[in-house]
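Asker: Starting off with a structure, shown below.
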Amino acid sequence: MIRKAVIPVAGLGTRLLPLTKALPKEMLPIGDKPVIEHTIRELVDSGIDDITIVTSARKDLVQRHFAPDADLERELRAAGKDDLAGAVAELSSLAHITYLYQRGPYGNGTPILNAARVIGDEPFMVLWADDVFVAEVPRAQQLKAAYEATGAPVLALMPMAVEDASRYGVPIVEEDLGGGRLRISGLVEKPRPEEAPSRYAAIGGYVVTPGVVAELEEATRRWHEHPEGEIYLTDALHRHAAGNPVYGQVIDGTWWDTGSPLNYLRAQFAAALADPVYGPELRKLARES
Ligand code: G1P
């Protein structure tokens with residue numbers, strides 16, 4: 001049973017600089033919500049509302065977005081804007097969010113290890129807050145179902161064009177089990193296209209088990225002995241897959257990646273066109289330009 005999730009947000013967001021110098025990349029809007037709100041709603045819609053955000057001091061806007069604001073609510077109600085007051089109140093009661101400051105060696109495995117110390121000995125979900133999925137069954141729910149069926153670590157996958165391989169973790173597929181479920185024997189981080197072991201990209205959604213956390217702990221121990229390199233989730237999953245089952249779940253849905261300037265603009269454009277109120281008008285504008 002997956003009850004908890006971790007969202008790491010301490011990264012510097014260098015790929016979107018200077019836009020993300022002051023504004024955390026997780027706070028960039030996609031449609032009418034910041035990316036991280038989409039991520040949290042996806043988790044809540046999947047029955048996971050116990051969420052640890054691993055953050056840094058420069059990302060305080062994330063905290064502010066979800067913090068209660070009784071003064072603002074009171075003022076809105078006094079002005080007769082009850083619907084807006086309700087929307088503000090709903091944001092702060094969306095989920096049980098705990099914040100942790102990231103501490104440890106560089107790399108995306110560190111926030112997971114920080115959170116695992118608090119969560120304890122149970123599997124949990126990890127989502128990066130730089131993808132948005134539009135899906136009938138939320139991506140997190142699809143990952144949860146794959147974990148429930150296999151009892152093993154699972155990573156979210158999407159088909160990719162082979163030229164994009166050098167931007168993603170690419171799984172080594174051992175067996176296609178049908179229904180988008182793949183048995184994975186390893187993962188190659190950002191291979192050159194000619195070396196890509198498959199045409200799938202790992203897209204920032206994982207079910208991490210205590211066995212994977214143990215691999216991250218081992219990597220950190222080695223790092224303390226020889227402080228060099230970085231602690232990466234991909235490496236831990238790869239090592240774990242050498243002796244244990246690991247699965248990939250190809251996600252059924254539309255994927256908006258916001259991690260590069262072009263993809264962010266694409267995601268904005270797609271979200272604007274999909275908006276039920278403003279979409280038709282914007283479509284007309286796009287056709288005319
Ligand atoms: C990270 C992971 C990579 C994954 C990607 C998905 O890379 O290391 O395996 O494919 O997220 O967004 P990053 O984008 O942080 O460089």
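Naming scheme: A, B, ... for chains in displayed order of the structure tokens; residues 1 onward per chain; ligands 1 onward as shown.
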Just the strand (DSSP E or B) stuff from stretch 54-103 of chain A, please, per backbone DSSP, written as a short mmCIF file (atom, residue, chain, number, x, y, z; two decimals) with C-alpha atoms, in the first residue's frame.
Answerer:
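Output contents, as saved in states-v5.cif:
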```cif
data_model
loop_
_atom_site.label_atom_id
_atom_site.label_comp_id
_atom_site.auth_asym_id
_atom_site.auth_seq_id
_atom_site.Cartn_x
_atom_site.Cartn_y
_atom_site.Cartn_z
CA VAL A 54 12.30 18.26 0.23
CA THR A 55 13.25 21.88 -0.24
CA HIS A 96 -0.79 16.90 4.68
CA ILE A 97 2.47 18.46 3.60
CA THR A 98 5.71 18.19 5.56
CA TYR A 99 8.78 20.22 4.55
CA LEU A 100 12.36 19.07 4.98
CA TYR A 101 15.50 20.95 4.09
#
```
Asker: Produce as a PyMOL selection string the set of residues near ligand 1, where near means within 6 Å with only C-alpha atoms and all ligand atoms considered.
Answerer: chain A and resi 168-169+189+201-204+234
Asker: When you draw a straight line from atom CA of A:Arg199 to atom CA of A:Gly151, how long is it in Å?
Answerer: 24.9 Å
Asker: Under the rule of at most 12 Å, produce a per-residue listing of stretch 93-137 of chain A near stretch 250-255 of chain A: chain, number, name, the closest pair of atoms, and the distance in Å, as a Markdown table, using only C-alpha atoms.
Answerer:
```
| residue | atom | partner | partner_atom | distance |
| --- | --- | --- | --- | --- |
| A:Asp130 | CA | A:Trp255 | CA | 10.6 |
| A:Asp131 | CA | A:Trp255 | CA | 7.0 |
| A:Val132 | CA | A:Trp255 | CA | 6.1 |
| A:Phe133 | CA | A:Trp255 | CA | 4.8 |
| A:Val134 | CA | A:Thr254 | CA | 5.1 |
| A:Ala135 | CA | A:Gly253 | CA | 4.3 |
| A:Glu136 | CA | A:Gly253 | CA | 7.1 |
| A:Val137 | CA | A:Asp252 | CA | 7.9 |
```
Asker: Mind dumping the selected residues with C-alpha atoms as a CSV table (one decimal), in the first residue's frame?
Answerer:
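Output contents, as saved in selection.csv:
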```csv
chain,number,residue,atom,x,y,z
A,130,ASP,CA,8.5,19.3,-13.6
A,131,ASP,CA,6.1,17.1,-15.6
A,132,VAL,CA,2.3,17.5,-15.9
A,133,PHE,CA,0.1,14.6,-17.0
A,134,VAL,CA,-3.3,14.8,-18.4
A,135,ALA,CA,-4.8,11.3,-18.0
A,136,GLU,CA,-8.1,9.7,-17.2
A,137,VAL,CA,-6.4,7.6,-14.5
```
Asker: Just to confirm, what's the straight-line distance from atom CA of A:Leu17 to atom CA of A:Ala140 in Å (one decimal)?
Answerer: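 Between atom CA of A:Leu17 and atom CA of A:Ala140 the gap works out to 28.7 Å.
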Asker: Where does DSSP see alpha helix (DSSP H) in stretch 91-212 of chain A, if you list the residues as a PyMOL selection string?
Answerer: chain A and resi 91-92+110-119+139-150+210-212
Asker: Write out as CSV the residues of stretch 115-198 of chain A that have any atom within 12 Å of an atom of stretch 214-222 of chain A, one row each with the nearest atom pair and its distance in Å to one decimal, counting only C-alpha atoms, sorted by chain and then rising number.
Answerer:
```
residue,atom,partner,partner_atom,distance
A:Ala115,CA,A:Leu216,CA,11.9
A:Ala116,CA,A:Ala214,CA,10.0
A:Arg117,CA,A:Glu217,CA,10.4
A:Gly120,CA,A:Ala214,CA,11.7
A:Asp121,CA,A:Ala214,CA,10.4
A:Glu122,CA,A:Ala214,CA,12.0
A:Pro123,CA,A:Ala214,CA,12.0
```
Asker: Take the residues from that selection and put them in a file with all heavy atoms, as a PDB file, in the first residue's frame.
Answerer:
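Final file, result-v7.pdb:
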```pdb
ATOM      1  N   ALA A 115      14.140  12.116   2.928  1.00  0.00           N
ATOM      2  CA  ALA A 115      12.724  11.857   3.223  1.00  0.00           C
ATOM      3  C   ALA A 115      12.538  10.458   3.799  1.00  0.00           C
ATOM      4  O   ALA A 115      11.722  10.252   4.699  1.00  0.00           O
ATOM      5  CB  ALA A 115      11.888  12.024   1.959  1.00  0.00           C
ATOM      6  N   ALA A 116      13.327   9.492   3.301  1.00  0.00           N
ATOM      7  CA  ALA A 116      13.179   8.107   3.766  1.00  0.00           C
ATOM      8  C   ALA A 116      13.455   8.000   5.266  1.00  0.00           C
ATOM      9  O   ALA A 116      12.849   7.192   5.961  1.00  0.00           O
ATOM     10  CB  ALA A 116      14.110   7.187   2.987  1.00  0.00           C
ATOM     11  N   ARG A 117      14.348   8.840   5.775  1.00  0.00           N
ATOM     12  CA  ARG A 117      14.648   8.817   7.215  1.00  0.00           C
ATOM     13  C   ARG A 117      13.401   9.138   8.023  1.00  0.00           C
ATOM     14  O   ARG A 117      13.215   8.651   9.122  1.00  0.00           O
ATOM     15  CB  ARG A 117      15.721   9.860   7.549  1.00  0.00           C
ATOM     16  CG  ARG A 117      17.046   9.546   6.953  1.00  0.00           C
ATOM     17  CD  ARG A 117      18.186   9.582   7.992  1.00  0.00           C
ATOM     18  NE  ARG A 117      19.299   8.811   7.471  1.00  0.00           N
ATOM     19  CZ  ARG A 117      20.194   9.286   6.607  1.00  0.00           C
ATOM     20  NH1 ARG A 117      20.128  10.533   6.218  1.00  0.00           N
ATOM     21  NH2 ARG A 117      21.142   8.516   6.158  1.00  0.00           N
ATOM     22  N   GLY A 120      10.426   6.203   7.040  1.00  0.00           N
ATOM     23  CA  GLY A 120      10.659   4.892   7.655  1.00  0.00           C
ATOM     24  C   GLY A 120      10.586   3.764   6.637  1.00  0.00           C
ATOM     25  O   GLY A 120      10.719   3.990   5.433  1.00  0.00           O
ATOM     26  N   ASP A 121      10.310   2.585   7.153  1.00  0.00           N
ATOM     27  CA  ASP A 121      10.496   1.359   6.385  1.00  0.00           C
ATOM     28  C   ASP A 121       9.247   0.996   5.577  1.00  0.00           C
ATOM     29  O   ASP A 121       8.596   0.000   5.846  1.00  0.00           O
ATOM     30  CB  ASP A 121      10.810   0.251   7.416  1.00  0.00           C
ATOM     31  CG  ASP A 121      11.524  -0.908   6.762  1.00  0.00           C
ATOM     32  OD1 ASP A 121      12.153  -0.697   5.710  1.00  0.00           O
ATOM     33  OD2 ASP A 121      11.424  -2.024   7.313  1.00  0.00           O
ATOM     34  N   GLU A 122       8.890   1.814   4.616  1.00  0.00           N
ATOM     35  CA  GLU A 122       7.733   1.479   3.766  1.00  0.00           C
ATOM     36  C   GLU A 122       7.957   2.055   2.372  1.00  0.00           C
ATOM     37  O   GLU A 122       8.693   3.034   2.216  1.00  0.00           O
ATOM     38  CB  GLU A 122       6.423   1.997   4.374  1.00  0.00           C
ATOM     39  CG  GLU A 122       6.330   3.510   4.497  1.00  0.00           C
ATOM     40  CD  GLU A 122       4.961   3.951   5.057  1.00  0.00           C
ATOM     41  OE1 GLU A 122       3.984   3.926   4.307  1.00  0.00           O
ATOM     42  OE2 GLU A 122       4.905   4.324   6.244  1.00  0.00           O
ATOM     43  N   PRO A 123       7.330   1.456   1.362  1.00  0.00           N
ATOM     44  CA  PRO A 123       7.495   2.006   0.015  1.00  0.00           C
ATOM     45  C   PRO A 123       6.780   3.351  -0.109  1.00  0.00           C
ATOM     46  O   PRO A 123       5.788   3.596   0.587  1.00  0.00           O
ATOM     47  CB  PRO A 123       6.824   0.969  -0.883  1.00  0.00           C
ATOM     48  CG  PRO A 123       5.911   0.216   0.018  1.00  0.00           C
ATOM     49  CD  PRO A 123       6.477   0.270   1.398  1.00  0.00           C
TER      50      PRO A 123
END
```
Asker: Within 10 Å of A:Leu23, counting only C-alpha atoms, which residues show up once you throw out same-chain ones fewer than 5 positions away? Write them as a list in words, please.
Answerer: Gly13, Leu17, Pro18, Leu28, Arg58, Lys59, Asp60, Leu61 and Val62 of chain A
Asker: Write out as a tab-separated table (two decimals) with N, CA, C and O atoms, in the first residue's frame which residues come within 10 Å of A:Ala196 when counting only C-alpha atoms, dropping same-chain ones fewer than 2 positions away.
Answerer:
```
chain	number	residue	atom	x	y	z
A	162	VAL	N	14.20	8.47	-30.26
A	162	VAL	CA	15.53	8.04	-29.82
A	162	VAL	C	16.51	9.23	-29.73
A	162	VAL	O	17.41	9.23	-28.89
A	163	GLU	N	16.28	10.29	-30.54
A	163	GLU	CA	17.18	11.46	-30.46
A	163	GLU	C	17.11	12.14	-29.10
A	163	GLU	O	17.99	12.91	-28.72
A	164	ASP	N	16.03	11.88	-28.32
A	164	ASP	CA	15.89	12.52	-27.00
A	164	ASP	C	16.55	11.72	-25.88
A	164	ASP	O	16.53	12.15	-24.72
A	165	ALA	N	17.14	10.56	-26.22
A	165	ALA	CA	17.66	9.65	-25.18
A	165	ALA	C	18.62	10.35	-24.22
A	165	ALA	O	18.61	10.08	-23.02
A	166	SER	N	19.42	11.29	-24.73
A	166	SER	CA	20.45	11.89	-23.88
A	166	SER	C	19.87	12.87	-22.85
A	166	SER	O	20.61	13.49	-22.10
A	168	TYR	N	17.27	11.72	-20.77
A	168	TYR	CA	16.48	10.92	-19.83
A	168	TYR	C	17.23	9.67	-19.35
A	168	TYR	O	18.18	9.23	-19.98
A	169	GLY	N	16.70	9.09	-18.26
A	169	GLY	CA	17.09	7.73	-17.89
A	169	GLY	C	16.36	6.79	-18.84
A	169	GLY	O	15.15	6.95	-19.06
A	170	VAL	N	17.08	5.83	-19.42
A	170	VAL	CA	16.47	4.94	-20.41
A	170	VAL	C	16.57	3.49	-19.89
A	170	VAL	O	17.66	3.02	-19.57
A	171	PRO	N	15.41	2.80	-19.79
A	171	PRO	CA	15.42	1.45	-19.20
A	171	PRO	C	15.92	0.38	-20.16
A	171	PRO	O	15.74	0.48	-21.37
A	172	ILE	N	16.56	-0.64	-19.58
A	172	ILE	CA	16.90	-1.86	-20.33
A	172	ILE	C	15.70	-2.80	-20.11
A	172	ILE	O	15.43	-3.21	-18.97
A	187	LEU	N	18.98	0.47	-15.93
A	187	LEU	CA	18.65	1.81	-16.43
A	187	LEU	C	19.93	2.50	-16.85
A	187	LEU	O	20.93	2.43	-16.12
A	188	VAL	N	19.94	3.16	-17.98
A	188	VAL	CA	21.13	3.90	-18.39
A	188	VAL	C	20.77	5.39	-18.35
A	188	VAL	O	19.78	5.81	-18.96
A	189	GLU	N	21.54	6.16	-17.61
A	189	GLU	CA	21.23	7.59	-17.46
A	189	GLU	C	21.77	8.37	-18.66
A	189	GLU	O	22.96	8.34	-18.95
A	190	LYS	N	20.88	9.03	-19.37
A	190	LYS	CA	21.20	9.94	-20.47
A	190	LYS	C	22.21	9.36	-21.47
A	190	LYS	O	23.29	9.92	-21.69
A	191	PRO	N	21.87	8.22	-22.08
A	191	PRO	CA	22.79	7.63	-23.07
A	191	PRO	C	22.79	8.43	-24.37
A	191	PRO	O	21.83	9.16	-24.64
A	192	ARG	N	23.84	8.26	-25.17
A	192	ARG	CA	23.81	8.81	-26.53
A	192	ARG	C	22.77	8.02	-27.30
A	192	ARG	O	22.58	6.82	-27.04
A	193	PRO	N	22.07	8.66	-28.27
A	193	PRO	CA	20.99	7.96	-28.97
A	193	PRO	C	21.42	6.58	-29.49
A	193	PRO	O	20.68	5.61	-29.36
A	194	GLU	N	22.64	6.49	-30.03
A	194	GLU	CA	23.04	5.20	-30.60
A	194	GLU	C	23.28	4.14	-29.52
A	194	GLU	O	23.37	2.95	-29.82
A	198	SER	N	16.57	1.27	-25.08
A	198	SER	CA	15.16	1.11	-25.49
A	198	SER	C	14.64	2.47	-25.94
A	198	SER	O	15.36	3.47	-25.91
A	199	ARG	N	13.39	2.48	-26.38
A	199	ARG	CA	12.77	3.73	-26.82
A	199	ARG	C	11.82	4.28	-25.76
A	199	ARG	O	10.77	4.82	-26.09
A	200	TYR	N	12.15	4.08	-24.48
A	200	TYR	CA	11.33	4.62	-23.40
A	200	TYR	C	12.16	5.58	-22.56
A	200	TYR	O	13.35	5.34	-22.34
A	201	ALA	N	11.49	6.63	-22.06
A	201	ALA	CA	12.15	7.57	-21.16
A	201	ALA	C	11.54	7.42	-19.76
A	201	ALA	O	10.32	7.27	-19.63
```
Asker: Which distance in Å separates atom CA of A:Ala236 and atom CA of A:Arg15, to one decimal?
Answerer: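 For atom CA of A:Ala236 relative to atom CA of A:Arg15, the distance reads 24.3 Å.
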Asker: Which residues are near stretch 228-232 of chain A? Cut-off 7 Å, only C-alpha atoms, ignore same chain within fewer than 3 positions. Put them as number ranges by chain.
Answerer: A: 105-110, 219-220, 223, 235-236
Asker: Show me, as a VMD selection string, the residues that have an atom within 8 Å of A:Ala129 when counting only C-alpha atoms, minus same-chain residues fewer than 3 positions from it.
Answerer: chain A and resid 7 to 9 26 35 to 36 39 132
Asker: Got time to write the residues from that selection, all heavy atoms, as a PDB file, in the first residue's frame?
Answerer:
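Generated file (result.pdb):
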```pdb
ATOM      1  N   ILE A   7       8.286  14.852  -2.914  1.00  0.00           N
ATOM      2  CA  ILE A   7       8.537  15.715  -4.071  1.00  0.00           C
ATOM      3  C   ILE A   7       9.804  16.524  -3.786  1.00  0.00           C
ATOM      4  O   ILE A   7       9.796  17.395  -2.918  1.00  0.00           O
ATOM      5  CB  ILE A   7       7.351  16.691  -4.326  1.00  0.00           C
ATOM      6  CG1 ILE A   7       6.022  15.931  -4.400  1.00  0.00           C
ATOM      7  CG2 ILE A   7       7.585  17.486  -5.604  1.00  0.00           C
ATOM      8  CD1 ILE A   7       4.806  16.843  -4.573  1.00  0.00           C
ATOM      9  N   PRO A   8      10.899  16.225  -4.490  1.00  0.00           N
ATOM     10  CA  PRO A   8      12.117  17.022  -4.285  1.00  0.00           C
ATOM     11  C   PRO A   8      12.003  18.349  -5.042  1.00  0.00           C
ATOM     12  O   PRO A   8      11.650  18.346  -6.227  1.00  0.00           O
ATOM     13  CB  PRO A   8      13.229  16.164  -4.895  1.00  0.00           C
ATOM     14  CG  PRO A   8      12.618  14.805  -5.151  1.00  0.00           C
ATOM     15  CD  PRO A   8      11.157  15.067  -5.356  1.00  0.00           C
ATOM     16  N   VAL A   9      12.286  19.462  -4.388  1.00  0.00           N
ATOM     17  CA  VAL A   9      12.222  20.762  -5.089  1.00  0.00           C
ATOM     18  C   VAL A   9      13.477  21.608  -4.851  1.00  0.00           C
ATOM     19  O   VAL A   9      13.494  22.787  -5.228  1.00  0.00           O
ATOM     20  CB  VAL A   9      10.956  21.587  -4.705  1.00  0.00           C
ATOM     21  CG1 VAL A   9       9.692  20.801  -4.900  1.00  0.00           C
ATOM     22  CG2 VAL A   9      11.020  22.129  -3.289  1.00  0.00           C
ATOM     23  N   GLU A  26       9.265  25.057  -9.934  1.00  0.00           N
ATOM     24  CA  GLU A  26       8.041  24.346  -9.522  1.00  0.00           C
ATOM     25  C   GLU A  26       6.847  25.295  -9.418  1.00  0.00           C
ATOM     26  O   GLU A  26       5.703  24.862  -9.338  1.00  0.00           O
ATOM     27  CB  GLU A  26       8.256  23.673  -8.158  1.00  0.00           C
ATOM     28  CG  GLU A  26       9.322  22.603  -8.143  1.00  0.00           C
ATOM     29  CD  GLU A  26      10.754  23.140  -8.100  1.00  0.00           C
ATOM     30  OE1 GLU A  26      10.951  24.362  -7.885  1.00  0.00           O
ATOM     31  OE2 GLU A  26      11.687  22.337  -8.276  1.00  0.00           O
ATOM     32  N   VAL A  35       3.182  24.331 -11.460  1.00  0.00           N
ATOM     33  CA  VAL A  35       3.454  22.917 -11.747  1.00  0.00           C
ATOM     34  C   VAL A  35       3.277  22.063 -10.488  1.00  0.00           C
ATOM     35  O   VAL A  35       2.646  21.001 -10.529  1.00  0.00           O
ATOM     36  CB  VAL A  35       4.894  22.720 -12.281  1.00  0.00           C
ATOM     37  CG1 VAL A  35       5.139  21.261 -12.611  1.00  0.00           C
ATOM     38  CG2 VAL A  35       5.146  23.565 -13.509  1.00  0.00           C
ATOM     39  N   ILE A  36       3.805  22.529  -9.360  1.00  0.00           N
ATOM     40  CA  ILE A  36       3.772  21.680  -8.158  1.00  0.00           C
ATOM     41  C   ILE A  36       2.344  21.451  -7.649  1.00  0.00           C
ATOM     42  O   ILE A  36       2.050  20.414  -7.053  1.00  0.00           O
ATOM     43  CB  ILE A  36       4.693  22.222  -7.037  1.00  0.00           C
ATOM     44  CG1 ILE A  36       4.836  21.157  -5.956  1.00  0.00           C
ATOM     45  CG2 ILE A  36       4.219  23.566  -6.508  1.00  0.00           C
ATOM     46  CD1 ILE A  36       5.998  21.324  -5.043  1.00  0.00           C
ATOM     47  N   THR A  39       1.140  18.553  -9.466  1.00  0.00           N
ATOM     48  CA  THR A  39       1.745  17.329  -8.931  1.00  0.00           C
ATOM     49  C   THR A  39       1.004  16.890  -7.663  1.00  0.00           C
ATOM     50  O   THR A  39       0.679  15.716  -7.488  1.00  0.00           O
ATOM     51  CB  THR A  39       3.244  17.572  -8.609  1.00  0.00           C
ATOM     52  OG1 THR A  39       3.842  18.224  -9.724  1.00  0.00           O
ATOM     53  CG2 THR A  39       3.974  16.283  -8.312  1.00  0.00           C
ATOM     54  N   VAL A 132       3.740  17.482 -16.169  1.00  0.00           N
ATOM     55  CA  VAL A 132       2.301  17.490 -15.896  1.00  0.00           C
ATOM     56  C   VAL A 132       1.689  16.428 -16.804  1.00  0.00           C
ATOM     57  O   VAL A 132       2.021  16.351 -17.989  1.00  0.00           O
ATOM     58  CB  VAL A 132       1.677  18.872 -16.164  1.00  0.00           C
ATOM     59  CG1 VAL A 132       0.167  18.831 -15.981  1.00  0.00           C
ATOM     60  CG2 VAL A 132       2.288  19.924 -15.224  1.00  0.00           C
TER      61      VAL A 132
END
```
